[in-house]
Amino acid sequence: MLTKIKETTTFLQSQGIEAPKIGIILGTGLGGLVKEIKVIKEIDYDKIPHFPVSTVESHHGKLIYGTVKSKKVLVMQGRFHYYEGYNMKEITFPIRVMKLLGIQNLLISNAAGAVNLAFKKSTLMLITDHINLYPSNPLIGKNFDDFGPRFPDMSEPYAKKLNTLLREIAVEKSILLNEGIYVPVTGPNLETKAEYRMIKLLGGDAVGMSTVPEVIVANHMELPCCAISVLTDECDPDNLKPVGLDEILAAAAVAEPQLTALYTELIARLN
């Protein structure tokens, strides 16, 4: 794995990707930020050695290098999921590569269901903590001491500085930014009524199928990260109705401009 990470890093450097400062992961239906990028280089995932390939219809599968607010960024337009059949090391492989390329902060987005019924569809939730319900962990197996310790601390997985800045920006721009605990499950099916009740009892505010593996690896490498969920459906077990991908994408599209505004301004304020 370490050899593959270094080979991929070397390949991307040979393609002109030099010292990006900020890494970004764009989740389901959240590609609008790409319009804010002055693109220097785009590479399809299937052209990158050892990179997984996104198989989800709503994920484009491109690595984009460019600038936002004069800051060099490296953007994953499409991520990888456990339900696609990838293991945790494959899912988080790009995060290792981005860190070796030089990123100093990682901004993550995802689409999630609102288990906290005070949160409404097409609003945003700043993730302040998570409860990991995945059956595996990207750090299982041999530890690479060059990346981080065998037993990394997770007392503050989402960087306080980044979350504080996002709260300030949300107030300045009059953007409703809920805050809560994110719970990842394997998917790809949506949850049952009983599962939504369980997640709520555990203390979860939103449920999704991504993000936490990347956050664990970022913390392992002491890479500050933050994450925002776009809430695409309201998971009320007492009034649950079927929801399809088209509805999820439509709900994400309503909130996406606010997410773009938050992250664009955050990038401008980072050193």
# chains A, B, ... in the order shown; residues from 1 in each chain; ligands from 1

call {"tool": "residues_around", "arguments": {"residues": "Arg197 of chain A", "least_positions_apart": "2", "cutoff": "12 Å", "atoms": "only C-alpha atoms", "output": "ChimeraX atom specification"}}
result
/A:114-117,191-195,199-207,235-238,240

call {"tool": "write_last_selection", "arguments": {"atoms": "N, CA and C atoms", "output": "JSON list (two decimals), in the first residue's frame"}}
result
[["chain", "number", "residue", "atom", "x", "y", "z"],
["A", 114, "ALA", "N", -31.78, 13.48, 7.53],
["A", 114, "ALA", "CA", -31.94, 14.14, 8.82],
["A", 114, "ALA", "C", -32.73, 13.24, 9.77],
["A", 115, "VAL", "N", -32.04, 12.71, 10.78],
["A", 115, "VAL", "CA", -32.68, 11.92, 11.82],
["A", 115, "VAL", "C", -33.24, 12.85, 12.91],
["A", 116, "ASN", "N", -32.54, 13.94, 13.15],
["A", 116, "ASN", "CA", -33.03, 14.99, 14.04],
["A", 116, "ASN", "C", -34.13, 15.74, 13.29],
["A", 117, "LEU", "N", -35.36, 15.59, 13.73],
["A", 117, "LEU", "CA", -36.50, 16.13, 12.97],
["A", 117, "LEU", "C", -36.64, 17.64, 13.12],
["A", 191, "GLU", "N", -32.42, 3.33, 5.24],
["A", 191, "GLU", "CA", -32.63, 2.65, 6.51],
["A", 191, "GLU", "C", -34.11, 2.33, 6.75],
["A", 192, "THR", "N", -34.34, 1.36, 7.62],
["A", 192, "THR", "CA", -35.70, 1.01, 8.03],
["A", 192, "THR", "C", -36.16, 1.96, 9.14],
["A", 193, "LYS", "N", -37.44, 1.92, 9.44],
["A", 193, "LYS", "CA", -37.98, 2.74, 10.52],
["A", 193, "LYS", "C", -37.27, 2.44, 11.83],
["A", 194, "ALA", "N", -37.08, 1.14, 12.11],
["A", 194, "ALA", "CA", -36.43, 0.75, 13.36],
["A", 194, "ALA", "C", -34.98, 1.24, 13.41],
["A", 195, "GLU", "N", -34.31, 1.22, 12.27],
["A", 195, "GLU", "CA", -32.92, 1.70, 12.23],
["A", 195, "GLU", "C", -32.84, 3.20, 12.47],
["A", 199, "ILE", "N", -30.70, 4.93, 15.50],
["A", 199, "ILE", "CA", -29.71, 5.99, 15.30],
["A", 199, "ILE", "C", -30.03, 7.21, 16.16],
["A", 200, "LYS", "N", -31.30, 7.53, 16.24],
["A", 200, "LYS", "CA", -31.71, 8.66, 17.09],
["A", 200, "LYS", "C", -31.43, 8.37, 18.56],
["A", 201, "LEU", "N", -31.71, 7.14, 19.01],
["A", 201, "LEU", "CA", -31.45, 6.75, 20.39],
["A", 201, "LEU", "C", -29.95, 6.79, 20.71],
["A", 202, "LEU", "N", -29.13, 6.47, 19.73],
["A", 202, "LEU", "CA", -27.68, 6.50, 19.92],
["A", 202, "LEU", "C", -27.15, 7.93, 20.06],
["A", 203, "GLY", "N", -27.93, 8.88, 19.58],
["A", 203, "GLY", "CA", -27.49, 10.28, 19.64],
["A", 203, "GLY", "C", -27.17, 10.88, 18.29],
["A", 204, "GLY", "N", -27.50, 10.17, 17.21],
["A", 204, "GLY", "CA", -27.22, 10.69, 15.87],
["A", 204, "GLY", "C", -28.23, 11.73, 15.42],
["A", 205, "ASP", "N", -27.74, 12.70, 14.64],
["A", 205, "ASP", "CA", -28.60, 13.73, 14.06],
["A", 205, "ASP", "C", -28.79, 13.54, 12.56],
["A", 206, "ALA", "N", -27.84, 12.87, 11.93],
["A", 206, "ALA", "CA", -27.92, 12.62, 10.49],
["A", 206, "ALA", "C", -27.26, 11.28, 10.18],
["A", 207, "VAL", "N", -27.75, 10.64, 9.11],
["A", 207, "VAL", "CA", -27.21, 9.34, 8.72],
["A", 207, "VAL", "C", -26.79, 9.39, 7.26],
["A", 235, "CYS", "N", -35.96, 11.90, 8.04],
["A", 235, "CYS", "CA", -36.10, 10.47, 8.37],
["A", 235, "CYS", "C", -36.99, 10.30, 9.60],
["A", 236, "ASP", "N", -38.27, 10.53, 9.39],
["A", 236, "ASP", "CA", -39.25, 10.42, 10.47],
["A", 236, "ASP", "C", -39.86, 9.03, 10.44],
["A", 237, "PRO", "N", -39.50, 8.16, 11.36],
["A", 237, "PRO", "CA", -39.98, 6.78, 11.30],
["A", 237, "PRO", "C", -41.49, 6.65, 11.45],
["A", 238, "ASP", "N", -42.14, 7.66, 12.02],
["A", 238, "ASP", "CA", -43.59, 7.60, 12.18],
["A", 238, "ASP", "C", -44.34, 8.07, 10.94],
["A", 240, "LEU", "N", -42.76, 7.77, 7.55],
["A", 240, "LEU", "CA", -41.73, 7.49, 6.56],
["A", 240, "LEU", "C", -42.34, 7.18, 5.19]]

call {"tool": "closest_residue", "arguments": {"among": "A:Lys160, A:Lys173, A:Lys99, A:His50", "to": "Asp129 of chain A", "atoms": "only C-alpha atoms"}}
result
A:Lys160

call {"tool": "atom_distance", "arguments": {"atom1": "atom CA of Tyr158 of chain A", "atom2": "atom CA of His220 of chain A"}}
result
12.3 Å

call {"tool": "residues_around", "arguments": {"residues": "Gln13 of chain A", "least_positions_apart": "4", "cutoff": "12 Å", "atoms": "only C-alpha atoms", "output": "VMD selection string"}}
result
chain A and resid 6 to 9 17 to 20 41 48 65 97 to 98 100 to 102

call {"tool": "residues_around", "arguments": {"residues": "Met209 of chain A", "least_positions_apart": "6", "cutoff": "6 Å", "atoms": "only C-alpha atoms", "output": "number ranges by chain"}}
result
A: 184-187

call {"tool": "write_last_selection", "arguments": {"atoms": "N, CA and C atoms", "output": "compact mmCIF listing (two decimals), in the first residue's frame"}}
result
# COMPACT_ATOMS: atom_id res chain seq x y z
N PRO A 184 -22.45 7.06 10.09
CA PRO A 184 -22.33 6.37 8.80
C PRO A 184 -22.75 4.91 8.91
N VAL A 185 -23.46 4.44 7.88
CA VAL A 185 -23.83 3.03 7.75
C VAL A 185 -23.33 2.55 6.39
N THR A 186 -23.37 1.25 6.18
CA THR A 186 -22.76 0.71 4.96
C THR A 186 -23.56 1.05 3.71
N GLY A 187 -24.91 1.06 3.78
CA GLY A 187 -25.69 1.19 2.57
C GLY A 187 -25.51 -0.07 1.72

call {"tool": "closest_atom_pairs", "arguments": {"of": "segment 4-101 of chain A", "to": "segment 224-231 of chain A", "cutoff": "12 Å", "atoms": "only C-alpha atoms", "output": "CSV"}}
result
residue,atom,partner,partner_atom,distance
A:Lys21,CA,A:Pro224,CA,11.7
A:Ile22,CA,A:Cys225,CA,9.8
A:Gly23,CA,A:Cys225,CA,9.2
A:Ile24,CA,A:Cys225,CA,9.6
A:Ile25,CA,A:Ala227,CA,9.2
A:Leu26,CA,A:Ile228,CA,10.2
A:Gly27,CA,A:Ser229,CA,8.8
A:Thr28,CA,A:Val230,CA,9.1
A:Gly29,CA,A:Val230,CA,9.4
A:Leu30,CA,A:Val230,CA,8.5
A:Ile95,CA,A:Cys225,CA,11.0
A:Lys99,CA,A:Pro224,CA,10.7

call {"tool": "write_last_selection", "arguments": {"atoms": "C-alpha atoms", "output": "mmCIF file, in the first residue's frame"}}
result
data_model
loop_
_atom_site.group_PDB
_atom_site.id
_atom_site.type_symbol
_atom_site.label_atom_id
_atom_site.label_comp_id
_atom_site.auth_asym_id
_atom_site.auth_seq_id
_atom_site.Cartn_x
_atom_site.Cartn_y
_atom_site.Cartn_z
ATOM 1 C CA LYS A 21 -2.897 23.623 0.059
ATOM 2 C CA ILE A 22 -6.492 22.423 0.434
ATOM 3 C CA GLY A 23 -8.093 19.106 -0.377
ATOM 4 C CA ILE A 24 -11.829 18.895 -1.044
ATOM 5 C CA ILE A 25 -14.168 15.890 -1.320
ATOM 6 C CA LEU A 26 -17.458 16.565 -3.092
ATOM 7 C CA GLY A 27 -20.337 14.245 -2.192
ATOM 8 C CA THR A 28 -23.566 13.224 -3.918
ATOM 9 C CA GLY A 29 -25.035 16.055 -5.982
ATOM 10 C CA LEU A 30 -22.549 18.588 -4.620
ATOM 11 C CA ILE A 95 -6.537 11.086 1.291
ATOM 12 C CA LYS A 99 -1.489 14.599 2.168
#

call {"tool": "residues_around", "arguments": {"residues": "Arg269 of chain A", "least_positions_apart": "6", "cutoff": "10 Å", "atoms": "only C-alpha atoms", "output": "VMD selection string"}}
result
chain A and resid 69 71 162 165 169 263

call {"tool": "write_last_selection", "arguments": {"atoms": "C-alpha atoms", "output": "compact mmCIF listing (two decimals), in the first residue's frame"}}
result
# COMPACT_ATOMS: atom_id res chain seq x y z
CA LYS A 69 -9.60 32.51 -4.15
CA LYS A 71 -5.41 29.15 -3.13
CA LEU A 162 -12.26 25.13 10.77
CA LEU A 165 -14.61 29.75 10.92
CA ILE A 169 -19.12 32.65 7.88
CA TYR A 263 -16.47 26.53 1.58
